[in-house]
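*Asks:* PDB, C-alpha atoms, pLDDT in the B column, file structure_31.pdb:
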ATOM      1  CA  MET E  28      32.082   0.493  32.994  1.00 35.00           C
ATOM      2  CA  GLU E  29      31.710   1.146  29.302  1.00 37.00           C
ATOM      3  CA  ASN E  30      28.413   2.290  27.839  1.00 34.00           C
ATOM      4  CA  LYS E  31      28.022  -0.895  25.823  1.00 34.00           C
ATOM      5  CA  TRP E  32      27.466  -2.828  29.059  1.00 32.00           C
ATOM      6  CA  VAL E  33      24.999  -0.313  30.451  1.00 34.00           C
ATOM      7  CA  LEU E  34      22.863   0.232  27.352  1.00 32.00           C
ATOM      8  CA  PRO E  35      20.993  -3.112  27.290  1.00 35.00           C
ATOM      9  CA  LEU E  36      19.854  -2.627  30.894  1.00 34.00           C
ATOM     10  CA  VAL E  37      18.767   0.960  30.278  1.00 36.00           C
ATOM     11  CA  LEU E  38      16.829   0.006  27.170  1.00 36.00           C
ATOM     12  CA  SER E  39      15.091  -2.810  29.004  1.00 39.00           C
ATOM     13  CA  PHE E  40      13.403  -0.339  31.349  1.00 41.00           C
ATOM     14  CA  MET E  41      11.580   1.111  28.357  1.00 50.00           C
ATOM     15  CA  ALA E  42       9.858  -2.241  27.785  1.00 58.00           C
ATOM     16  CA  ARG E  43       7.014  -2.857  30.216  1.00 65.00           C
ATOM     17  CA  ALA E  44       4.642  -5.753  30.672  1.00 65.00           C
ATOM     18  CA  ASP E  45       2.429  -4.525  33.511  1.00 64.00           C
ATOM     19  CA  PHE E  46      -0.790  -4.810  31.548  1.00 65.00           C
ATOM     20  CA  PRO E  47      -3.347  -7.655  31.168  1.00 66.00           C
ATOM     21  CA  PRO E  48      -2.970 -10.545  30.942  1.00 62.00           C
ATOM     22  CA  MET E  49       0.688 -10.429  32.045  1.00 59.00           C
ATOM     23  CA  ALA E  50       0.009  -8.259  35.090  1.00 57.00           C
ATOM     24  CA  SER E  51      -2.717 -10.504  36.495  1.00 58.00           C
ATOM     25  CA  THR E  52      -0.393 -12.555  38.712  1.00 62.00           C
ATOM     26  CA  PHE E  53       1.802 -11.635  41.673  1.00 56.00           C
ATOM     27  CA  LEU E  54       4.951 -12.351  39.645  1.00 59.00           C
ATOM     28  CA  ALA E  55       4.145  -9.771  36.999  1.00 51.00           C
ATOM     29  CA  ARG E  56       3.014  -7.217  39.579  1.00 56.00           C
ATOM     30  CA  GLN E  57       6.389  -7.532  41.312  1.00 59.00           C
ATOM     31  CA  ASP E  58       8.320  -6.787  38.126  1.00 61.00           C
ATOM     32  CA  PRO E  59       6.799  -4.704  35.293  1.00 62.00           C
ATOM     33  CA  ARG E  60       9.340  -6.159  32.852  1.00 63.00           C
ATOM     34  CA  ARG E  61       8.252  -9.793  33.234  1.00 67.00           C
ATOM     35  CA  PHE E  62       6.670 -10.831  29.918  1.00 67.00           C
ATOM     36  CA  SER E  63       5.059 -13.928  31.373  1.00 68.00           C
ATOM     37  CA  ASN E  64       1.875 -14.609  33.278  1.00 68.00           C
ATOM     38  CA  GLY E  65       3.531 -17.386  35.208  1.00 73.00           C
ATOM     39  CA  LEU E  66       6.835 -19.104  35.895  1.00 79.00           C
ATOM     40  CA  ASN E  67       9.224 -19.337  32.951  1.00 81.00           C
ATOM     41  CA  SER E  68      12.026 -21.817  32.320  1.00 86.00           C
ATOM     42  CA  ALA E  69      14.548 -19.696  34.236  1.00 85.00           C
ATOM     43  CA  ASP E  70      12.236 -19.728  37.280  1.00 85.00           C
ATOM     44  CA  PHE E  71      11.937 -23.513  37.175  1.00 89.00           C
ATOM     45  CA  LEU E  72      15.712 -23.873  36.790  1.00 90.00           C
ATOM     46  CA  ALA E  73      16.165 -21.657  39.844  1.00 89.00           C
ATOM     47  CA  HIS E  74      13.965 -24.080  41.787  1.00 90.00           C
ATOM     48  CA  HIS E  75      16.105 -27.003  40.645  1.00 92.00           C
ATOM     49  CA  PHE E  76      19.198 -25.192  41.900  1.00 90.00           C
ATOM     50  CA  GLY E  77      17.656 -24.825  45.346  1.00 88.00           C
ATOM     51  CA  TYR E  78      16.131 -21.355  45.224  1.00 84.00           C
ATOM     52  CA  LYS E  79      12.689 -20.942  46.762  1.00 82.00           C
ATOM     53  CA  ARG E  80      12.119 -18.223  44.171  1.00 78.00           C
ATOM     54  CA  SER E  81      14.140 -16.659  41.386  1.00 79.00           C
ATOM     55  CA  PRO E  82      16.771 -14.084  42.432  1.00 77.00           C
ATOM     56  CA  SER E  83      15.522 -10.497  42.419  1.00 73.00           C
ATOM     57  CA  PRO E  84      16.205  -8.334  39.350  1.00 69.00           C
ATOM     58  CA  PHE E  85      19.612  -6.679  39.649  1.00 65.00           C
ATOM     59  CA  LEU E  86      18.387  -3.107  39.171  1.00 63.00           C
ATOM     60  CA  SER E  87      15.821  -3.543  41.951  1.00 65.00           C
ATOM     61  CA  LEU E  88      18.491  -4.282  44.547  1.00 64.00           C
ATOM     62  CA  LYS E  89      19.938  -1.694  46.864  1.00 59.00           C
ATOM     63  CA  ASN E  90      23.720  -1.549  47.155  1.00 56.00           C
ATOM     64  CA  THR E  91      23.518  -2.784  50.736  1.00 53.00           C
ATOM     65  CA  SER E  92      21.783  -5.972  49.567  1.00 51.00           C
ATOM     66  CA  LEU E  93      24.994  -7.108  47.883  1.00 52.00           C
ATOM     67  CA  GLN E  94      26.747  -7.252  51.253  1.00 51.00           C
ATOM     68  CA  LYS E  95      24.267  -9.491  53.045  1.00 53.00           C
ATOM     69  CA  LYS E  96      25.529 -12.936  54.001  1.00 46.00           C
ATOM     70  CA  LYS E  97      22.413 -14.648  52.675  1.00 54.00           C
ATOM     71  CA  PHE E  98      22.800 -13.075  49.262  1.00 55.00           C
ATOM     72  CA  ARG E  99      22.976 -15.978  46.768  1.00 64.00           C
ATOM     73  CA  GLY E 100      22.827 -14.530  43.285  1.00 67.00           C
ATOM     74  CA  ILE E 101      21.839 -11.827  40.857  1.00 69.00           C
ATOM     75  CA  ASN E 102      19.221 -11.913  38.117  1.00 71.00           C
ATOM     76  CA  PHE E 103      20.346  -9.811  35.139  1.00 68.00           C
ATOM     77  CA  ALA E 104      17.430 -10.799  32.898  1.00 66.00           C
ATOM     78  CA  SER E 105      15.053  -8.036  31.831  1.00 61.00           C
ATOM     79  CA  GLY E 106      12.522  -7.664  29.047  1.00 61.00           C
ATOM     80  CA  GLY E 107      13.902  -6.051  25.921  1.00 60.00           C
ATOM     81  CA  SER E 108      17.570  -6.704  26.663  1.00 61.00           C
ATOM     82  CA  GLY E 109      19.760  -9.076  24.685  1.00 63.00           C
ATOM     83  CA  LEU E 110      23.244 -10.195  23.766  1.00 63.00           C
ATOM     84  CA  LEU E 111      23.799  -7.278  21.383  1.00 60.00           C
ATOM     85  CA  ASP E 112      23.452  -3.574  22.148  1.00 61.00           C
ATOM     86  CA  ILE E 113      21.245  -3.210  19.088  1.00 59.00           C
ATOM     87  CA  THR E 114      18.623  -5.548  20.594  1.00 58.00           C
ATOM     88  CA  GLY E 115      15.456  -3.632  21.339  1.00 54.00           C
ATOM     89  CA  GLN E 116      16.292  -0.809  18.935  1.00 55.00           C
ATOM     90  CA  THR E 117      15.955  -2.376  15.490  1.00 50.00           C
ATOM     91  CA  MET E 118      15.194  -5.801  14.129  1.00 48.00           C
ATOM     92  CA  LEU E 119      18.303  -7.941  13.731  1.00 48.00           C
ATOM     93  CA  THR E 120      18.118 -11.062  11.593  1.00 52.00           C
ATOM     94  CA  LEU E 121      19.561 -14.303  12.861  1.00 50.00           C
ATOM     95  CA  MET E 122      21.944 -14.432   9.912  1.00 53.00           C
ATOM     96  CA  LYS E 123      23.421 -11.081  10.958  1.00 56.00           C
ATOM     97  CA  VAL E 124      23.830 -12.478  14.447  1.00 54.00           C
ATOM     98  CA  LEU E 125      25.798 -15.375  12.959  1.00 53.00           C
ATOM     99  CA  VAL E 126      28.067 -12.918  11.170  1.00 56.00           C
ATOM    100  CA  LEU E 127      28.649 -11.022  14.418  1.00 56.00           C
ATOM    101  CA  PHE E 128      28.918 -14.230  16.420  1.00 57.00           C
ATOM    102  CA  ARG E 129      32.616 -14.177  17.211  1.00 57.00           C
ATOM    103  CA  LEU E 130      32.524 -10.438  18.140  1.00 66.00           C
ATOM    104  CA  ALA E 131      28.998 -10.628  19.891  1.00 67.00           C
ATOM    105  CA  TYR E 132      29.502 -13.948  21.994  1.00 82.00           C
ATOM    106  CA  GLU E 133      33.219 -14.972  22.537  1.00 87.00           C
ATOM    107  CA  ASN E 134      34.230 -11.600  23.966  1.00 86.00           C
ATOM    108  CA  HIS E 135      31.307 -11.628  26.387  1.00 84.00           C
ATOM    109  CA  LEU E 136      32.250 -15.087  27.665  1.00 90.00           C
ATOM    110  CA  LYS E 137      35.888 -14.079  28.056  1.00 92.00           C
ATOM    111  CA  THR E 138      34.840 -10.994  30.006  1.00 89.00           C
ATOM    112  CA  LEU E 139      32.718 -13.117  32.335  1.00 88.00           C
ATOM    113  CA  TYR E 140      35.649 -15.482  32.794  1.00 93.00           C
ATOM    114  CA  ASN E 141      37.929 -12.580  33.708  1.00 94.00           C
ATOM    115  CA  LEU E 142      35.338 -11.482  36.267  1.00 90.00           C
ATOM    116  CA  GLY E 143      35.505 -14.904  37.905  1.00 92.00           C
ATOM    117  CA  ALA E 144      32.871 -16.998  36.134  1.00 91.00           C
ATOM    118  CA  ARG E 145      33.855 -20.633  35.621  1.00 94.00           C
ATOM    119  CA  LYS E 146      30.568 -22.450  35.060  1.00 94.00           C
ATOM    120  CA  PHE E 147      28.337 -21.610  32.109  1.00 94.00           C
ATOM    121  CA  GLY E 148      24.836 -22.948  31.481  1.00 93.00           C
ATOM    122  CA  ILE E 149      23.866 -21.852  27.980  1.00 93.00           C
ATOM    123  CA  ILE E 150      20.793 -22.517  25.854  1.00 92.00           C
ATOM    124  CA  SER E 151      20.922 -22.305  22.072  1.00 92.00           C
ATOM    125  CA  ILE E 152      18.150 -21.174  19.725  1.00 90.00           C
ATOM    126  CA  ALA E 153      14.872 -23.060  19.374  1.00 92.00           C
ATOM    127  CA  PRO E 154      13.292 -23.898  15.958  1.00 93.00           C
ATOM    128  CA  ILE E 155      12.055 -20.349  15.510  1.00 89.00           C
ATOM    129  CA  GLY E 156      10.832 -21.192  12.039  1.00 91.00           C
ATOM    130  CA  CYS E 157       8.083 -23.272  13.658  1.00 88.00           C
ATOM    131  CA  CYS E 158       6.722 -20.433  15.803  1.00 83.00           C
ATOM    132  CA  PRO E 159       3.150 -19.454  14.854  1.00 80.00           C
ATOM    133  CA  SER E 160       4.361 -15.878  14.285  1.00 78.00           C
ATOM    134  CA  GLN E 161       6.707 -17.138  11.573  1.00 86.00           C
ATOM    135  CA  ARG E 162       4.556 -19.893  10.056  1.00 85.00           C
ATOM    136  CA  ILE E 163       2.056 -17.289   8.899  1.00 86.00           C
ATOM    137  CA  PHE E 164       4.608 -16.309   6.266  1.00 89.00           C
ATOM    138  CA  ASN E 165       4.549 -19.831   4.818  1.00 88.00           C
ATOM    139  CA  ALA E 166       1.746 -20.364   2.326  1.00 89.00           C
ATOM    140  CA  THR E 167       1.284 -23.955   3.539  1.00 89.00           C
ATOM    141  CA  GLY E 168       1.307 -22.984   7.215  1.00 86.00           C
ATOM    142  CA  GLY E 169       4.379 -25.121   7.780  1.00 88.00           C
ATOM    143  CA  CYS E 170       7.673 -24.217   9.423  1.00 90.00           C
ATOM    144  CA  LEU E 171      10.087 -21.807   7.761  1.00 91.00           C
ATOM    145  CA  GLU E 172      12.990 -24.169   7.247  1.00 92.00           C
ATOM    146  CA  GLU E 173      15.432 -21.372   6.408  1.00 91.00           C
ATOM    147  CA  LEU E 174      15.080 -19.982   9.925  1.00 91.00           C
ATOM    148  CA  ASN E 175      15.365 -23.470  11.400  1.00 93.00           C
ATOM    149  CA  ASP E 176      18.566 -24.056   9.437  1.00 93.00           C
ATOM    150  CA  ASP E 177      19.964 -20.849  10.934  1.00 89.00           C
ATOM    151  CA  ALA E 178      19.066 -22.073  14.430  1.00 91.00           C
ATOM    152  CA  ILE E 179      20.889 -25.362  13.795  1.00 94.00           C
ATOM    153  CA  ALA E 180      23.936 -23.481  12.495  1.00 91.00           C
ATOM    154  CA  PHE E 181      23.939 -21.234  15.561  1.00 89.00           C
ATOM    155  CA  HIS E 182      24.003 -24.241  17.901  1.00 93.00           C
ATOM    156  CA  SER E 183      26.845 -25.827  15.946  1.00 94.00           C
ATOM    157  CA  ARG E 184      28.970 -22.691  16.149  1.00 90.00           C
ATOM    158  CA  LEU E 185      28.163 -22.189  19.806  1.00 92.00           C
ATOM    159  CA  ASP E 186      29.131 -25.781  20.577  1.00 95.00           C
ATOM    160  CA  ALA E 187      32.485 -25.327  18.822  1.00 94.00           C
ATOM    161  CA  LEU E 188      33.123 -22.033  20.606  1.00 93.00           C
ATOM    162  CA  LEU E 189      32.444 -23.444  24.072  1.00 95.00           C
ATOM    163  CA  TYR E 190      34.695 -26.429  23.384  1.00 96.00           C
ATOM    164  CA  LYS E 191      37.435 -24.065  22.229  1.00 95.00           C
ATOM    165  CA  LEU E 192      37.187 -21.820  25.280  1.00 95.00           C
ATOM    166  CA  SER E 193      37.106 -24.762  27.700  1.00 96.00           C
ATOM    167  CA  SER E 194      40.332 -26.030  26.104  1.00 96.00           C
ATOM    168  CA  GLU E 195      42.075 -22.662  26.287  1.00 95.00           C
ATOM    169  CA  TYR E 196      40.961 -21.375  29.706  1.00 96.00           C
ATOM    170  CA  GLU E 197      41.559 -23.276  32.915  1.00 95.00           C
ATOM    171  CA  GLY E 198      38.558 -24.228  34.994  1.00 96.00           C
ATOM    172  CA  ILE E 199      35.765 -23.599  32.483  1.00 96.00           C
ATOM    173  CA  LYS E 200      32.905 -26.074  32.698  1.00 96.00           C
ATOM    174  CA  TYR E 201      29.737 -25.742  30.663  1.00 96.00           C
ATOM    175  CA  SER E 202      26.402 -27.220  29.705  1.00 97.00           C
ATOM    176  CA  LEU E 203      24.915 -26.396  26.324  1.00 97.00           C
ATOM    177  CA  GLY E 204      21.193 -26.957  25.968  1.00 96.00           C
ATOM    178  CA  ASN E 205      20.075 -27.896  22.466  1.00 97.00           C
ATOM    179  CA  SER E 206      16.818 -25.991  22.404  1.00 94.00           C
ATOM    180  CA  TYR E 207      16.207 -26.987  18.787  1.00 95.00           C
ATOM    181  CA  GLU E 208      16.271 -30.725  19.505  1.00 96.00           C
ATOM    182  CA  MET E 209      14.336 -30.316  22.750  1.00 94.00           C
ATOM    183  CA  THR E 210      11.517 -28.469  20.998  1.00 92.00           C
ATOM    184  CA  MET E 211      11.406 -30.654  17.888  1.00 93.00           C
ATOM    185  CA  ASN E 212      11.235 -33.747  20.085  1.00 93.00           C
ATOM    186  CA  VAL E 213       7.996 -32.436  21.595  1.00 90.00           C
ATOM    187  CA  ILE E 214       6.589 -31.256  18.257  1.00 88.00           C
ATOM    188  CA  GLN E 215       7.226 -34.627  16.610  1.00 90.00           C
ATOM    189  CA  ASN E 216       6.227 -36.744  19.638  1.00 89.00           C
ATOM    190  CA  PRO E 217       3.602 -34.708  21.529  1.00 87.00           C
ATOM    191  CA  LEU E 218       1.522 -37.420  23.182  1.00 87.00           C
ATOM    192  CA  PRO E 219       4.150 -38.670  25.707  1.00 87.00           C
ATOM    193  CA  PHE E 220       4.293 -35.094  27.001  1.00 83.00           C
ATOM    194  CA  ASN E 221       0.492 -34.800  27.249  1.00 81.00           C
ATOM    195  CA  PHE E 222       0.276 -32.344  24.347  1.00 80.00           C
ATOM    196  CA  THR E 223      -2.455 -32.779  21.751  1.00 80.00           C
ATOM    197  CA  GLU E 224      -2.266 -29.424  19.923  1.00 74.00           C
ATOM    198  CA  MET E 225       1.015 -28.474  18.263  1.00 74.00           C
ATOM    199  CA  GLU E 226      -0.194 -26.048  15.588  1.00 71.00           C
ATOM    200  CA  THR E 227      -1.385 -23.004  17.525  1.00 68.00           C
ATOM    201  CA  ALA E 228       0.249 -20.771  20.137  1.00 62.00           C
ATOM    202  CA  CYS E 229       0.138 -21.837  23.761  1.00 57.00           C
ATOM    203  CA  CYS E 230      -1.296 -19.554  26.444  1.00 53.00           C
ATOM    204  CA  GLY E 231       1.107 -20.776  29.114  1.00 48.00           C
ATOM    205  CA  ALA E 232      -1.472 -22.187  31.504  1.00 47.00           C
ATOM    206  CA  GLY E 233      -2.226 -25.768  32.493  1.00 45.00           C
ATOM    207  CA  LYS E 234      -1.101 -28.439  34.913  1.00 44.00           C
ATOM    208  CA  PHE E 235       2.474 -28.459  33.666  1.00 38.00           C
ATOM    209  CA  ASN E 236       2.713 -24.704  33.032  1.00 46.00           C
ATOM    210  CA  ALA E 237       3.011 -25.375  29.311  1.00 49.00           C
ATOM    211  CA  ALA E 238       6.498 -26.038  27.953  1.00 79.00           C
ATOM    212  CA  SER E 239       8.478 -23.883  30.395  1.00 83.00           C
ATOM    213  CA  LYS E 240       8.713 -26.522  33.144  1.00 87.00           C
ATOM    214  CA  LEU E 241       9.367 -29.254  30.596  1.00 89.00           C
ATOM    215  CA  ALA E 242      12.271 -27.280  29.154  1.00 91.00           C
ATOM    216  CA  ALA E 243      13.785 -26.644  32.590  1.00 93.00           C
ATOM    217  CA  ASP E 244      13.449 -30.297  33.596  1.00 94.00           C
ATOM    218  CA  THR E 245      15.159 -31.405  30.376  1.00 95.00           C
ATOM    219  CA  LEU E 246      18.025 -28.942  30.807  1.00 95.00           C
ATOM    220  CA  TYR E 247      18.556 -30.055  34.397  1.00 95.00           C
ATOM    221  CA  HIS E 248      18.163 -33.825  34.032  1.00 96.00           C
ATOM    222  CA  GLY E 249      18.337 -34.443  30.266  1.00 95.00           C
ATOM    223  CA  GLY E 250      20.631 -36.717  28.296  1.00 96.00           C
ATOM    224  CA  PRO E 251      23.398 -35.737  25.874  1.00 96.00           C
ATOM    225  CA  GLN E 252      21.033 -35.501  22.911  1.00 95.00           C
ATOM    226  CA  PHE E 253      19.448 -32.462  24.589  1.00 97.00           C
ATOM    227  CA  VAL E 254      22.204 -30.989  26.777  1.00 97.00           C
ATOM    228  CA  SER E 255      25.942 -31.648  26.515  1.00 97.00           C
ATOM    229  CA  PRO E 256      28.639 -32.438  27.448  1.00 97.00           C
ATOM    230  CA  ILE E 257      26.919 -32.593  30.853  1.00 97.00           C
ATOM    231  CA  ASN E 258      23.471 -31.486  31.992  1.00 97.00           C
ATOM    232  CA  PHE E 259      22.771 -28.610  34.359  1.00 96.00           C
ATOM    233  CA  ALA E 260      22.501 -30.901  37.402  1.00 96.00           C
ATOM    234  CA  GLN E 261      25.963 -32.308  36.686  1.00 97.00           C
ATOM    235  CA  LEU E 262      27.270 -28.791  36.052  1.00 95.00           C
ATOM    236  CA  ALA E 263      26.085 -27.677  39.477  1.00 94.00           C
ATOM    237  CA  LYS E 264      28.069 -30.495  41.108  1.00 93.00           C
ATOM    238  CA  ALA E 265      31.173 -30.131  38.922  1.00 91.00           C
TER
END
Translate this structure into structure tokens?
*Replies:*
Amino acid sequence: MENKWVLPLVLSFMARADFPPMASTFLARQDPRRFSNGLNSADFLAHHFGYKRSPSPFLSLKNTSLQKKKFRGINFASGGSGLLDITGQTMLTLMKVLVLFRLAYENHLKTLYNLGARKFGIISIAPIGCCPSQRIFNATGGCLEELNDDAIAFHSRLDALLYKLSSEYEGIKYSLGNSYEMTMNVIQNPLPFNFTEMETACCGAGKFNAASKLAADTLYHGGPQFVSPINFAQLAKA
């Protein structure tokens, strides 16, 4: 295995989240790299796919665990890791990611295909220009449209890439979640989703566990305006 595949996982162990308020729940105490004080969208998706709980982190498993008959999956997610090796070391702008897109994303998908993967559930970038951490740089307090334009461009390129790969490689099926449209739909129409405050950051608590469950439900059951060409539920049955 080449170092470029190992580095993101090694770096992720340097990022810890076992401090208040993240460490105040059993989930965070189980994994010091969980930057959430509750279930995130990936956890809710795991429930939709029939898991009682999310698969254990890969680096926490013993080699013998991989041989058990009841073994159903591996969770490679870990705080601080990312698509590019440089993630977690220096700041990388979204525009640079777009430039590296063909090198950073297509090769990874082809490698996964060669390892046996045939179904891909992928989520594009949300309207990051509307995050409170970015809106502080706008004198009016509004969204940074330049960042949002980059997010839209990323989704467009990702959509074209997935279509291309599914045409060239036999057996590939995919669902692409449009995180930008999903998020903007809530921001522009908050009341049907029981949201009344759309300007400040959310703590992640509440009856519906903030937006994480909503995002997972939309990815799993949503229509083509939010996830295409099929949703995650249809992908699981394909």
*Asks:* Counting all atoms listed in the file, which of E:Ala238, E:Ser202, E:Gln215, E:Glu226 gets nearest to Arg162 (chain E)?
*Replies:* E:Glu226
*Asks:* By how many Å are CA of Leu136 (chain E) and CA of Leu192 (chain E) apart?
*Replies:*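 Spanning CA of Leu136 (chain E) to CA of Leu192 (chain E) is a straight-line distance of 8.7 Å.
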*Asks:* Rounded to one decimal place, report the CA of Thr167 (chain E)-CA of Phe253 (chain E) distance in Å.
*Replies:*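 Spanning CA of Thr167 (chain E) to CA of Phe253 (chain E) is a straight-line distance of 29.1 Å.
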*Asks:* Can you tell me, as a PyMOL selection string, what residues are no more than 9 Å from Lys240 (chain E) when counting all atoms listed in the file, ignoring any on the same chain fewer than 4 positions away?
*Replies:* chain E and resi 66-68+70-72+235-236+244-245
*Asks:* Restricted to C-alpha atoms, what would the selected residues look like written as a PDB file, in the coordinates of the input?
*Replies:*
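Generated file (again_23.pdb):
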ATOM      1  CA  LEU E  66       6.835 -19.104  35.895  1.00 79.00           C
ATOM      2  CA  ASN E  67       9.224 -19.337  32.951  1.00 81.00           C
ATOM      3  CA  SER E  68      12.026 -21.817  32.320  1.00 86.00           C
ATOM      4  CA  ASP E  70      12.236 -19.728  37.280  1.00 85.00           C
ATOM      5  CA  PHE E  71      11.937 -23.513  37.175  1.00 89.00           C
ATOM      6  CA  LEU E  72      15.712 -23.873  36.790  1.00 90.00           C
ATOM      7  CA  PHE E 235       2.474 -28.459  33.666  1.00 38.00           C
ATOM      8  CA  ASN E 236       2.713 -24.704  33.032  1.00 46.00           C
ATOM      9  CA  ASP E 244      13.449 -30.297  33.596  1.00 94.00           C
ATOM     10  CA  THR E 245      15.159 -31.405  30.376  1.00 95.00           C
TER      11      THR E 245
END
*Asks:* Which is closest to Tyr207 (chain E) among E:Ala73, E:Ala265, E:Ala178, E:Cys170, if we use all atoms listed in the file?
*Replies:* E:Ala178
*Asks:* Please return as a VMD selection string every residue within 12 Å of (31.9, -25.8, 24.9), taking into account only C-alpha atoms and the file's own coordinates.
*Replies:* chain E and resid 133 136 146 to 151 182 to 196 199 to 204 254 to 257
*Asks:* Rank nothing, just name the residue among E:Ala243, E:Ile152, E:Phe220, E:Pro159 nearest to Asn205 (chain E), using all atoms listed in the file.
*Replies:*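 The shortest atom-to-atom distance to Asn205 (chain E) comes from E:Ile152.
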*Asks:* Once the PyMOL selection byres ((chain E and resi 169) around 12) has been applied to the shown file, what residues remain in the selection, as a list in words?
*Replies:*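 For this structure, the PyMOL selection byres ((chain E and resi 169) around 12) captures Ile155, Gly156, Cys157, Cys158, Pro159, Ser160, Gln161, Arg162, Ile163, Phe164, Asn165, Ala166, Thr167, Gly168, Cys170, Leu171, Glu172, Glu173, Asn175, Met225, Glu226 and Thr227 of chain E.
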*Asks:* Measuring between all atoms listed in the file, which one of E:Pro154, E:Asn141, E:Lys79, E:Glu208 shows the shortest distance to Gly250 (chain E)?
*Replies:*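 Result for the nearest residue to Gly250 (chain E): E:Glu208.
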*Asks:* One decimal, in Å: what's the spacing between CA of Asn216 (chain E) and CA of Ala242 (chain E)?
*Replies:* 14.7 Å
*Asks:* Which centre and edge lengths in Å to one decimal define the box along x, y and z that fits every listed atom of region 203-221 of chain E plus 3 Å per side, as AutoDock Vina command-line options?
*Replies:*
--center_x 12.7 --center_y -32.3 --center_z 21.9 --size_x 30.4 --size_y 18.7 --size_z 16.6
*Asks:* Which one of E:Gln252, E:Glu197, E:Tyr247, E:Ala69 sits closest to Lys137 (chain E) if you count only C-alpha atoms?
*Replies:*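 Closest to Lys137 (chain E) of all the choices is E:Glu197.
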